[in-house]
$ cat start29.txt   # compact mmCIF, N, CA and C atoms
# COMPACT_ATOMS: atom_id res chain seq x y z
N MET A 1169 124.39 73.46 78.13
CA MET A 1169 124.99 72.15 78.01
C MET A 1169 124.19 71.11 78.79
N LYS A 1170 123.68 71.51 79.94
CA LYS A 1170 122.91 70.59 80.77
C LYS A 1170 121.59 70.23 80.10
N THR A 1171 120.97 71.19 79.43
CA THR A 1171 119.70 70.90 78.76
C THR A 1171 119.92 69.97 77.57
N LEU A 1172 121.05 70.11 76.89
CA LEU A 1172 121.36 69.21 75.78
C LEU A 1172 121.54 67.78 76.28
N LEU A 1173 122.21 67.62 77.39
CA LEU A 1173 122.40 66.29 77.98
C LEU A 1173 121.08 65.67 78.39
N ILE A 1174 120.21 66.45 78.99
CA ILE A 1174 118.89 65.96 79.40
C ILE A 1174 118.06 65.59 78.17
N PHE A 1175 118.15 66.40 77.12
CA PHE A 1175 117.41 66.13 75.88
C PHE A 1175 117.89 64.82 75.24
N ILE A 1176 119.19 64.62 75.14
CA ILE A 1176 119.73 63.39 74.55
C ILE A 1176 119.36 62.18 75.40
N LEU A 1177 119.43 62.31 76.71
CA LEU A 1177 119.05 61.23 77.60
C LEU A 1177 117.57 60.87 77.44
N ALA A 1178 116.73 61.88 77.30
CA ALA A 1178 115.30 61.63 77.10
C ALA A 1178 115.05 60.91 75.78
N ILE A 1179 115.73 61.30 74.72
CA ILE A 1179 115.59 60.64 73.41
C ILE A 1179 116.01 59.18 73.51
N VAL A 1180 117.12 58.91 74.17
CA VAL A 1180 117.61 57.53 74.32
C VAL A 1180 116.61 56.69 75.11
N ILE A 1181 116.06 57.24 76.17
CA ILE A 1181 115.06 56.50 76.96
C ILE A 1181 113.81 56.23 76.14
N ILE A 1182 113.38 57.18 75.35
CA ILE A 1182 112.19 56.98 74.52
C ILE A 1182 112.43 55.90 73.48
N ILE A 1183 113.59 55.93 72.84
CA ILE A 1183 113.90 54.92 71.83
C ILE A 1183 113.96 53.52 72.44
N ILE A 1184 114.60 53.38 73.56
CA ILE A 1184 114.71 52.07 74.22
C ILE A 1184 113.34 51.58 74.67
N SER A 1185 112.53 52.46 75.23
CA SER A 1185 111.22 52.02 75.73
C SER A 1185 110.28 51.63 74.59
N THR A 1186 110.35 52.32 73.45
CA THR A 1186 109.46 51.96 72.34
C THR A 1186 109.84 50.62 71.74
N THR A 1187 111.14 50.32 71.68
CA THR A 1187 111.52 49.01 71.15
C THR A 1187 111.09 47.89 72.09
N LEU A 1188 111.11 48.14 73.39
CA LEU A 1188 110.66 47.13 74.34
C LEU A 1188 109.13 46.97 74.30
N LEU A 1189 108.42 48.06 74.12
CA LEU A 1189 106.96 47.99 74.11
C LEU A 1189 106.41 47.36 72.84
N LEU A 1190 107.12 47.50 71.72
CA LEU A 1190 106.64 46.99 70.45
C LEU A 1190 107.22 45.62 70.10
N ALA A 1191 107.86 44.96 71.03
CA ALA A 1191 108.46 43.66 70.77
C ALA A 1191 107.35 42.62 70.53
N GLN A 1192 107.62 41.73 69.60
CA GLN A 1192 106.66 40.68 69.25
C GLN A 1192 106.85 39.48 70.17
N PRO A 1193 105.77 38.75 70.45
CA PRO A 1193 105.92 37.54 71.27
C PRO A 1193 106.62 36.44 70.48
N GLY A 1194 107.08 35.42 71.16
CA GLY A 1194 107.79 34.31 70.52
C GLY A 1194 106.83 33.40 69.77
N PHE A 1195 107.39 32.36 69.18
CA PHE A 1195 106.59 31.38 68.44
C PHE A 1195 105.75 30.56 69.41
N PRO A 1196 104.60 30.07 68.94
CA PRO A 1196 103.79 29.21 69.81
C PRO A 1196 104.48 27.87 70.05
N GLY A 1197 104.01 27.17 71.04
CA GLY A 1197 104.60 25.87 71.36
C GLY A 1197 104.35 24.84 70.28
N ALA A 1198 105.03 23.73 70.37
CA ALA A 1198 104.96 22.69 69.34
C ALA A 1198 103.56 22.09 69.18
N PRO A 1199 102.77 21.83 70.23
CA PRO A 1199 101.47 21.20 70.03
C PRO A 1199 100.46 22.06 69.27
N SER A 1200 100.59 23.38 69.32
CA SER A 1200 99.58 24.21 68.68
C SER A 1200 99.89 24.49 67.21
N GLN A 1201 101.03 24.03 66.71
CA GLN A 1201 101.37 24.23 65.31
C GLN A 1201 100.78 23.11 64.47
N ALA A 1202 100.28 23.46 63.28
CA ALA A 1202 99.68 22.47 62.40
C ALA A 1202 100.73 21.95 61.41
N PRO A 1203 100.77 20.65 61.17
CA PRO A 1203 101.73 20.11 60.21
C PRO A 1203 101.28 20.38 58.78
N ILE A 1204 102.23 20.64 57.92
CA ILE A 1204 101.94 20.81 56.49
C ILE A 1204 102.35 19.52 55.82
N ASP A 1205 101.38 18.82 55.28
CA ASP A 1205 101.61 17.50 54.72
C ASP A 1205 101.87 17.58 53.22
N GLY A 1206 101.80 16.43 52.58
CA GLY A 1206 102.00 16.36 51.13
C GLY A 1206 100.83 16.92 50.36
N GLY A 1207 99.71 17.16 51.03
CA GLY A 1207 98.55 17.70 50.34
C GLY A 1207 98.81 19.08 49.78
N LEU A 1208 99.59 19.88 50.49
CA LEU A 1208 99.93 21.21 50.00
C LEU A 1208 100.80 21.10 48.75
N GLY A 1209 101.69 20.14 48.72
CA GLY A 1209 102.52 19.92 47.53
C GLY A 1209 101.68 19.49 46.34
N LEU A 1210 100.69 18.63 46.59
CA LEU A 1210 99.80 18.20 45.51
C LEU A 1210 98.98 19.37 44.97
N LEU A 1211 98.51 20.23 45.85
CA LEU A 1211 97.76 21.40 45.39
C LEU A 1211 98.64 22.34 44.57
N ALA A 1212 99.88 22.52 44.99
CA ALA A 1212 100.80 23.39 44.25
C ALA A 1212 101.11 22.79 42.88
N ALA A 1213 101.31 21.48 42.80
CA ALA A 1213 101.58 20.82 41.52
C ALA A 1213 100.37 20.90 40.60
N ALA A 1214 99.17 20.72 41.15
CA ALA A 1214 97.96 20.82 40.34
C ALA A 1214 97.78 22.24 39.82
N GLY A 1215 98.05 23.23 40.65
CA GLY A 1215 97.95 24.62 40.22
C GLY A 1215 98.96 24.94 39.13
N GLY A 1216 100.17 24.44 39.25
CA GLY A 1216 101.19 24.66 38.22
C GLY A 1216 100.81 24.00 36.91
N ALA A 1217 100.27 22.79 36.98
CA ALA A 1217 99.84 22.10 35.77
C ALA A 1217 98.69 22.84 35.10
N TYR A 1218 97.76 23.35 35.88
CA TYR A 1218 96.64 24.10 35.34
C TYR A 1218 97.11 25.40 34.67
N ALA A 1219 98.06 26.07 35.31
CA ALA A 1219 98.60 27.30 34.73
C ALA A 1219 99.34 27.01 33.43
N LEU A 1220 100.10 25.94 33.38
CA LEU A 1220 100.82 25.56 32.17
C LEU A 1220 99.83 25.23 31.05
N LYS A 1221 98.76 24.54 31.39
CA LYS A 1221 97.74 24.20 30.40
C LYS A 1221 97.11 25.47 29.82
N LYS A 1222 96.80 26.44 30.69
CA LYS A 1222 96.20 27.69 30.24
C LYS A 1222 97.18 28.50 29.38
N LEU A 1223 98.45 28.49 29.74
CA LEU A 1223 99.44 29.20 28.93
C LEU A 1223 99.57 28.58 27.55
N ARG A 1224 99.58 27.27 27.48
CA ARG A 1224 99.72 26.61 26.17
C ARG A 1224 98.46 26.81 25.33
N GLN A 1225 97.29 26.83 25.95
CA GLN A 1225 96.05 27.09 25.22
C GLN A 1225 96.05 28.50 24.65
N GLY A 1226 96.53 29.45 25.41
CA GLY A 1226 96.57 30.84 24.95
C GLY A 1226 97.52 31.01 23.79
N LYS A 1227 98.66 30.33 23.79
CA LYS A 1227 99.63 30.43 22.69
C LYS A 1227 99.10 29.77 21.44
N SER A 1228 98.42 28.63 21.57
CA SER A 1228 97.90 27.93 20.39
C SER A 1228 96.74 28.70 19.76
N GLU A 1229 95.94 29.40 20.54
CA GLU A 1229 94.85 30.20 20.00
C GLU A 1229 95.37 31.45 19.32
N GLY A 1230 96.48 31.99 19.78
CA GLY A 1230 97.06 33.20 19.21
C GLY A 1230 97.68 32.96 17.85
N LYS A 1231 98.14 31.74 17.53
CA LYS A 1231 98.76 31.44 16.26
C LYS A 1231 97.75 31.38 15.13
N GLY A 1232 96.53 31.01 15.44
CA GLY A 1232 95.50 30.87 14.41
C GLY A 1232 94.97 32.21 13.91
N LYS A 1233 95.21 33.28 14.62
CA LYS A 1233 94.65 34.59 14.23
C LYS A 1233 95.45 35.26 13.18

$ encode --input "start29.txt" --output "structure tokens"
Amino acid sequence: MKTLLIFILAIVIIIISTTLLLAQPGFPGAPSQAPIDGGLGLLAAAGGAYALKKLRQGKSEGKGK
């Protein structure tokens, strides 16, 4: 019974110590973060328009065959 208690205690200590050792650091401070402006939105809109254009071109070429 004593060895079982020691074994369970050792497992609990190992689990607690691994979670503490593998913890991730917090977020960086405000000055080191880069702002995401409207340029990213423009790039996403341009990419969506390009994809829509390619999809419509593929459908129109498929009808002629």

$ atom_distance --input "start29.txt" --atom1 "atom CA of A:Gly1207" --atom2 "atom C of A:Leu1223"
25.3 Å

$ atom_distance --input "start29.txt" --atom1 "atom C of A:Gln1192" --atom2 "atom C of A:Ala1178"
23.6 Å

$ atom_distance --input "start29.txt" --atom1 "atom CA of A:Leu1188" --atom2 "atom CA of A:Leu1173"
22.8 Å
